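Peer 1: So that we are looking at the same thing, I have put the structure below in structure tokens.
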Amino acid sequence: MPSERSFRKGLVFLSYWTKIFIVPMILLIDFKRDHLFKNIESAVVGIALDIYHILHCEFTFCDINVINNKVKFLQNLIRSCQILDMKAFEIYPLPSACKTSTSVLVLQPDLLRQPPDLRILLKPYRYTLLLPDGARCSSPAQLLDLVEFLNSVDSTVVAVGVGGEGGSSPLTCHHYKLDVAAWTLIKAPVPDATEACDAVSGRAAMMLTTMHLLQITQSLLRPLPLSLGIQGAARGWKVHIERGGRLGEGRQLYDNQHLQWKRESAEEERRKILFSALGIKKVVEAGGKVQWYGCNKSTPRCFPSVVGDTPEYLYRGRWTPPCCLEGLRIVARHVFEVLRGCRARWWLEGGSLLGAVRHGDIIPWDYDVDIGIYATDIDRCPQVKSSRWQTLEDTQGFVWQKATEGNFYRVHYSAANHLHVDIFPFSPHGGMMMRNGAWSTGHQQDVDFPEHYLRPLSSITFAGVLASAPNNVRDFLEFKFGSGSIENPQYPNPDIMHLKCMFHKHNISVLT
């Protein structure tokens, strides 16, 4: 065991805070080799302390006593230290306890200042320990025990509970299924006895090597347990729970309802920022509840205008964001209901029909829904008829308009969100359904076709409901797209991008 003197030597303490709240303090400790580390030239332990959160500092001043107490605790544990004060903005004065042996690092760049390079700053230090609010290490021996435990298990991160047996709930293991292409995180519980998992919940301190901490793209993104769990799961990391001991608990920082509300609000804002930074728009909780972190009816859709039939998310190796797919389903169901209500003859067209046949829903990388309609039935539907001359917003906020690309119609999710359904009119003539040159999107499937496919119409499952469809779907799709189009999916413009193996990765099957 290192002596107290050698353990105290070479300590580096980092803290930083923003306009809105104070974020983690990090303490890095470098101690000399001893009999526990015979094969290691030096070992380093880092401690991150998540301190007092302030939401509106223009009205609520930072509790300097809390910060002072934190620093005094650390200085009592390891008295000889160098402090690096890390701030997002150069606004708040240093607490009095931090003024000795302190250097300031401002993270937010400006016109004449670059942000500090954390990789260079943290590179000399071997381990990092992340502590939640109020956690206490009673002695350097606790830190060494965690280092020894980390080196003894086949996991990247170790977690230990914080607080007494009666004061905190036990740590819970979780399995994270991260579907990067689908922008989705699925959480699942694991048996209570499990010690190795993807993430933990509860009051936990977590230790990992600084090398691993710097491997992840968002090293200090909060909430830290959630951030480490997601980024670790993407890299195949495991978290091992140390069931044999707990760290101590300091005084309660959020000791009234107002502060607890501020903390909970701040945590929710951090989750939004975290999911946005990591490209997650749908979170399925262990109980099945779905949390959305993408677009909705009152916000713009998640992707810009589509160029060359290839939406920008395909270039990023992803498919249509799930919030956008859900929005498309809502628009489609609304349009189906309106068209049924006015007794129009309509059917699923193009890629939407392909999606219905393959797996009963929108193609996972599609960005709109296509419908065909008898041109003579348009006058039966006031919404479609009126949109010939003007844009119409119906009573449920859906926007009907004539498309700028030709003589067809478009229904948007809302004035703000332009996820849409396209309605293409066809006219029967000589046994064929004709476009009569009235519109063209340049798609392969924009062709005239025999009317017998629509006499009679059939039904198919799509977007959670039954939708009208041609009566011989396979022949109809092969007439439009070519032989094997159902079994051999492609992106909208194969000349720009090929699907490759993504179809099989997402386990999409053909319904029969």
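By order in the structure tokens, chains are A, B, ...; within a chain, residues start at 1; ligands start at 1, following the order shown.
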Excluding Lys480 of chain A and its own-chain neighbours fewer than 5 positions away, which residues fall within 9 Å of it when counting only C-alpha atoms? Please give them as a list in words.
Peer 2: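 In the requested format, the answer is Gly350, Gln444, Gln445, Asp446, Val447, Asp448, Phe449 and Asp475 of chain A.
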Peer 1: Residues near segment 145-162 of chain A, anyone? I mean within 7 Å using only C-alpha atoms, not counting same-chain ones fewer than 4 positions away, as a PyMOL selection string.
Peer 2: chain A and resi 135+141+170-171+203-208+237-243+245-249
Peer 1: Take the residues from that selection and write them out as a PDB file, in the first residue's frame, keeping C-alpha atoms.
Peer 2:
```pdb
ATOM      1  CA  ALA A 135     -20.213  10.905  -2.409  1.00  0.00           C
ATOM      2  CA  ALA A 141      -7.397   2.851   0.724  1.00  0.00           C
ATOM      3  CA  PRO A 170     -29.129  -0.896  -4.649  1.00  0.00           C
ATOM      4  CA  LEU A 171     -27.495  -0.622  -8.032  1.00  0.00           C
ATOM      5  CA  ARG A 203     -26.318   6.047  -6.766  1.00  0.00           C
ATOM      6  CA  ALA A 204     -23.065   4.750  -8.255  1.00  0.00           C
ATOM      7  CA  ALA A 205     -19.429   5.735  -8.367  1.00  0.00           C
ATOM      8  CA  MET A 206     -17.729   4.436 -11.507  1.00  0.00           C
ATOM      9  CA  MET A 207     -14.055   3.824 -12.232  1.00  0.00           C
ATOM     10  CA  LEU A 208     -12.381   3.239 -15.586  1.00  0.00           C
ATOM     11  CA  TRP A 237     -17.855  -2.372 -22.939  1.00  0.00           C
ATOM     12  CA  LYS A 238     -19.187  -3.982 -19.788  1.00  0.00           C
ATOM     13  CA  VAL A 239     -19.782  -2.477 -16.347  1.00  0.00           C
ATOM     14  CA  HIS A 240     -18.984  -4.698 -13.347  1.00  0.00           C
ATOM     15  CA  ILE A 241     -20.741  -3.987 -10.055  1.00  0.00           C
ATOM     16  CA  GLU A 242     -18.669  -4.213  -6.889  1.00  0.00           C
ATOM     17  CA  ARG A 243     -21.258  -5.674  -4.524  1.00  0.00           C
ATOM     18  CA  GLY A 245     -18.693  -2.287  -0.470  1.00  0.00           C
ATOM     19  CA  ARG A 246     -20.140   1.203  -0.627  1.00  0.00           C
ATOM     20  CA  LEU A 247     -18.801   4.720  -0.535  1.00  0.00           C
ATOM     21  CA  GLY A 248     -20.002   7.192   2.068  1.00  0.00           C
ATOM     22  CA  GLU A 249     -22.649   9.870   1.621  1.00  0.00           C
TER      23      GLU A 249
END
```
Peer 1: In segment 129-271 of chain A, what's helix (DSSP H, G or I) per DSSP? Answer as a ChimeraX atom specification?
Peer 2: /A:140-152,210-215,224-234,257-271
Peer 1: Going by DSSP on the backbone, which residues of segment 342-414 of chain A come out as strand (DSSP E or B)? List them as a ChimeraX atom specification.
Peer 2: /A:346-348,369-374,392-393,399-402,409-412
Peer 1: Just how far from atom CA of Gly482 of chain A is atom CA of His498 of chain A, in Å to one decimal?
Peer 2: 17.1 Å
Peer 1: How many Å separate atom CA of Ser387 of chain A from atom CA of Ile330 of chain A?
Peer 2: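 Separating atom CA of Ser387 of chain A from atom CA of Ile330 of chain A is a distance of 19.9 Å.
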Peer 1: Between atom CA of Glu312 of chain A and atom CA of Tyr367 of chain A, what is the spacing in Å?
Peer 2: 10.7 Å
Peer 1: Just want the 12 Å neighbourhood of Lys123 of chain A, counted on only C-alpha atoms, with same-chain residues fewer than 2 positions away dropped. Output as a list in words.
Peer 2: Leu28, Asp30, Val44, Gly46, Asp117, Leu118, Arg119, Ile120, Leu121, Tyr125, Arg126, Tyr127, Thr128, Thr209, Thr210, Met211, His212, Leu213, Leu214 and Gln215 of chain A
Peer 1: Restricting the output to C-alpha atoms, write the selected residues as a tab-separated table (two decimals), in the first residue's frame.
Peer 2:
```
chain	number	residue	atom	x	y	z
A	28	LEU	CA	-6.65	13.30	-10.76
A	30	ASP	CA	-0.84	10.23	-9.33
A	44	VAL	CA	-3.21	7.26	-11.57
A	46	GLY	CA	-9.11	10.34	-11.18
A	117	ASP	CA	-6.99	19.71	-25.32
A	118	LEU	CA	-8.33	17.27	-22.73
A	119	ARG	CA	-6.43	14.40	-24.30
A	120	ILE	CA	-3.15	16.11	-23.60
A	121	LEU	CA	-4.30	17.28	-20.19
A	125	TYR	CA	-3.22	9.86	-15.60
A	126	ARG	CA	-4.08	6.18	-15.58
A	127	TYR	CA	-7.49	5.90	-13.89
A	128	THR	CA	-10.62	8.04	-13.50
A	209	THR	CA	-8.99	3.87	-17.10
A	210	THR	CA	-8.41	7.37	-18.41
A	211	MET	CA	-7.40	5.78	-21.71
A	212	HIS	CA	-10.91	4.35	-22.08
A	213	LEU	CA	-12.51	7.60	-20.95
A	214	LEU	CA	-10.67	9.46	-23.73
A	215	GLN	CA	-11.64	6.85	-26.33
```
Peer 1: Excluding segment 309-311 of chain A and residues on its chain fewer than 5 positions from it, collect all residues at most 8 Å away from it, counting only C-alpha atoms, and give them as number ranges by chain.
Peer 2: A: 303-304, 367, 491-493, 496-497
Peer 1: Store the residues picked out above in a file with N, CA, C and O atoms, as a short mmCIF file (atom, residue, chain, number, x, y, z; two decimals), in the first residue's frame.
Peer 2:
```cif
data_model
loop_
_atom_site.label_atom_id
_atom_site.label_comp_id
_atom_site.auth_asym_id
_atom_site.auth_seq_id
_atom_site.Cartn_x
_atom_site.Cartn_y
_atom_site.Cartn_z
N PHE A 303 -34.57 16.10 -41.05
CA PHE A 303 -33.65 16.10 -42.19
C PHE A 303 -34.07 17.20 -43.17
O PHE A 303 -35.24 17.57 -43.25
N PRO A 304 -33.10 17.75 -43.92
CA PRO A 304 -33.41 18.82 -44.87
C PRO A 304 -34.02 18.28 -46.15
O PRO A 304 -34.31 17.08 -46.27
N TYR A 367 -38.72 8.44 -46.90
CA TYR A 367 -38.92 9.78 -46.34
C TYR A 367 -40.29 10.37 -46.65
O TYR A 367 -40.58 11.51 -46.29
N TYR A 491 -31.83 1.22 -52.00
CA TYR A 491 -32.09 2.60 -51.66
C TYR A 491 -32.77 3.30 -52.84
O TYR A 491 -32.73 2.81 -53.98
N PRO A 492 -33.42 4.46 -52.60
CA PRO A 492 -34.19 5.11 -53.68
C PRO A 492 -33.39 5.39 -54.93
O PRO A 492 -33.92 5.31 -56.04
N ASN A 493 -32.10 5.71 -54.79
CA ASN A 493 -31.26 5.99 -55.96
C ASN A 493 -30.00 5.14 -55.88
O ASN A 493 -28.96 5.59 -55.38
N ILE A 496 -26.44 6.37 -56.63
CA ILE A 496 -25.72 7.18 -55.65
C ILE A 496 -25.26 6.34 -54.47
O ILE A 496 -24.13 6.45 -54.00
N MET A 497 -26.14 5.44 -53.97
CA MET A 497 -25.81 4.66 -52.79
C MET A 497 -26.51 3.31 -52.82
O MET A 497 -27.71 3.23 -53.12
#
```
Peer 1: Find the residues near Pro321 of chain A: any atom within 7 Å, counting only C-alpha atoms, skip ones fewer than 6 places away on the same chain, and give them as a PyMOL selection string.
Peer 2: chain A and resi 182-183+281
Peer 1: If we count only C-alpha atoms, what is near segment 393-406 of chain A at a cut-off of 10 Å, once residues fewer than 6 positions away on the same chain are taken out, given as a PyMOL selection string?
Peer 2: chain A and resi 297-298+331+334-335+383-387+412-418+420-424+437-441
Peer 1: Since we have the selection now, will you write its residues out, keeping N, CA and C atoms, as a compact mmCIF listing (two decimals), in the first residue's frame?
Peer 2:
```
# COMPACT_ATOMS: atom_id res chain seq x y z
N LYS A 297 -44.88 17.31 -34.20
CA LYS A 297 -45.76 18.09 -35.08
C LYS A 297 -45.45 19.58 -35.04
N SER A 298 -44.92 20.08 -33.94
CA SER A 298 -44.67 21.51 -33.80
C SER A 298 -43.24 21.92 -34.14
N VAL A 331 -49.49 11.06 -40.42
CA VAL A 331 -50.02 11.74 -41.61
C VAL A 331 -50.74 10.75 -42.52
N HIS A 334 -54.12 9.76 -41.19
CA HIS A 334 -55.06 10.87 -41.34
C HIS A 334 -55.57 10.96 -42.78
N VAL A 335 -54.66 10.85 -43.75
CA VAL A 335 -55.06 10.93 -45.15
C VAL A 335 -55.96 9.75 -45.52
N GLN A 383 -60.84 18.66 -49.06
CA GLN A 383 -59.47 19.05 -48.75
C GLN A 383 -58.58 19.01 -49.99
N VAL A 384 -58.71 17.92 -50.77
CA VAL A 384 -57.89 17.79 -51.97
C VAL A 384 -58.34 18.80 -53.02
N LYS A 385 -59.62 18.92 -53.21
CA LYS A 385 -60.16 19.84 -54.22
C LYS A 385 -59.73 21.27 -53.94
N SER A 386 -59.85 21.71 -52.69
CA SER A 386 -59.51 23.10 -52.35
C SER A 386 -58.02 23.38 -52.51
N SER A 387 -57.19 22.35 -52.31
CA SER A 387 -55.75 22.57 -52.39
C SER A 387 -55.25 22.77 -53.81
N HIS A 412 -48.92 17.73 -45.63
CA HIS A 412 -47.84 17.86 -44.66
C HIS A 412 -48.34 17.56 -43.25
N TYR A 413 -47.42 17.10 -42.41
CA TYR A 413 -47.72 16.85 -40.99
C TYR A 413 -48.25 18.13 -40.33
N SER A 414 -47.63 19.26 -40.63
CA SER A 414 -48.06 20.54 -40.08
C SER A 414 -47.38 21.65 -40.88
N ALA A 415 -47.68 22.89 -40.54
CA ALA A 415 -47.01 24.01 -41.19
C ALA A 415 -45.53 24.03 -40.85
N ALA A 416 -45.18 23.53 -39.67
CA ALA A 416 -43.77 23.52 -39.23
C ALA A 416 -43.04 22.28 -39.71
N ASN A 417 -43.71 21.15 -39.71
CA ASN A 417 -43.08 19.87 -40.02
C ASN A 417 -43.55 19.38 -41.39
N HIS A 418 -42.62 19.26 -42.33
CA HIS A 418 -42.99 18.94 -43.71
C HIS A 418 -42.84 17.46 -44.07
N HIS A 420 -44.51 14.29 -45.23
CA HIS A 420 -45.70 14.41 -46.06
C HIS A 420 -46.10 13.12 -46.75
N VAL A 421 -47.35 13.12 -47.20
CA VAL A 421 -47.93 12.09 -48.07
C VAL A 421 -48.18 12.73 -49.43
N ASP A 422 -47.72 12.07 -50.48
CA ASP A 422 -47.99 12.53 -51.85
C ASP A 422 -49.17 11.75 -52.42
N ILE A 423 -50.09 12.48 -53.05
CA ILE A 423 -51.29 11.88 -53.67
C ILE A 423 -51.20 12.10 -55.17
N PHE A 424 -51.07 11.00 -55.94
CA PHE A 424 -50.86 11.07 -57.38
C PHE A 424 -52.15 10.69 -58.12
N GLY A 437 -49.31 12.81 -68.60
CA GLY A 437 -48.25 13.82 -68.60
C GLY A 437 -48.44 14.92 -67.58
N ALA A 438 -49.42 14.73 -66.67
CA ALA A 438 -49.73 15.80 -65.71
C ALA A 438 -48.69 15.93 -64.62
N TRP A 439 -47.97 14.86 -64.35
CA TRP A 439 -46.97 14.92 -63.29
C TRP A 439 -45.90 13.87 -63.52
N SER A 440 -44.74 14.12 -62.97
CA SER A 440 -43.64 13.15 -62.98
C SER A 440 -42.65 13.54 -61.91
N THR A 441 -42.23 12.56 -61.12
CA THR A 441 -41.23 12.80 -60.09
C THR A 441 -39.86 12.29 -60.53
```
Peer 1: Could you check the closest approach to Arg270 of chain A for each of A:Leu129, A:Leu143, A:Leu339, A:Leu226 and tell me which residue wins, using only C-alpha atoms?
Peer 2: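 The shortest atom-to-atom distance to Arg270 of chain A comes from A:Leu226.
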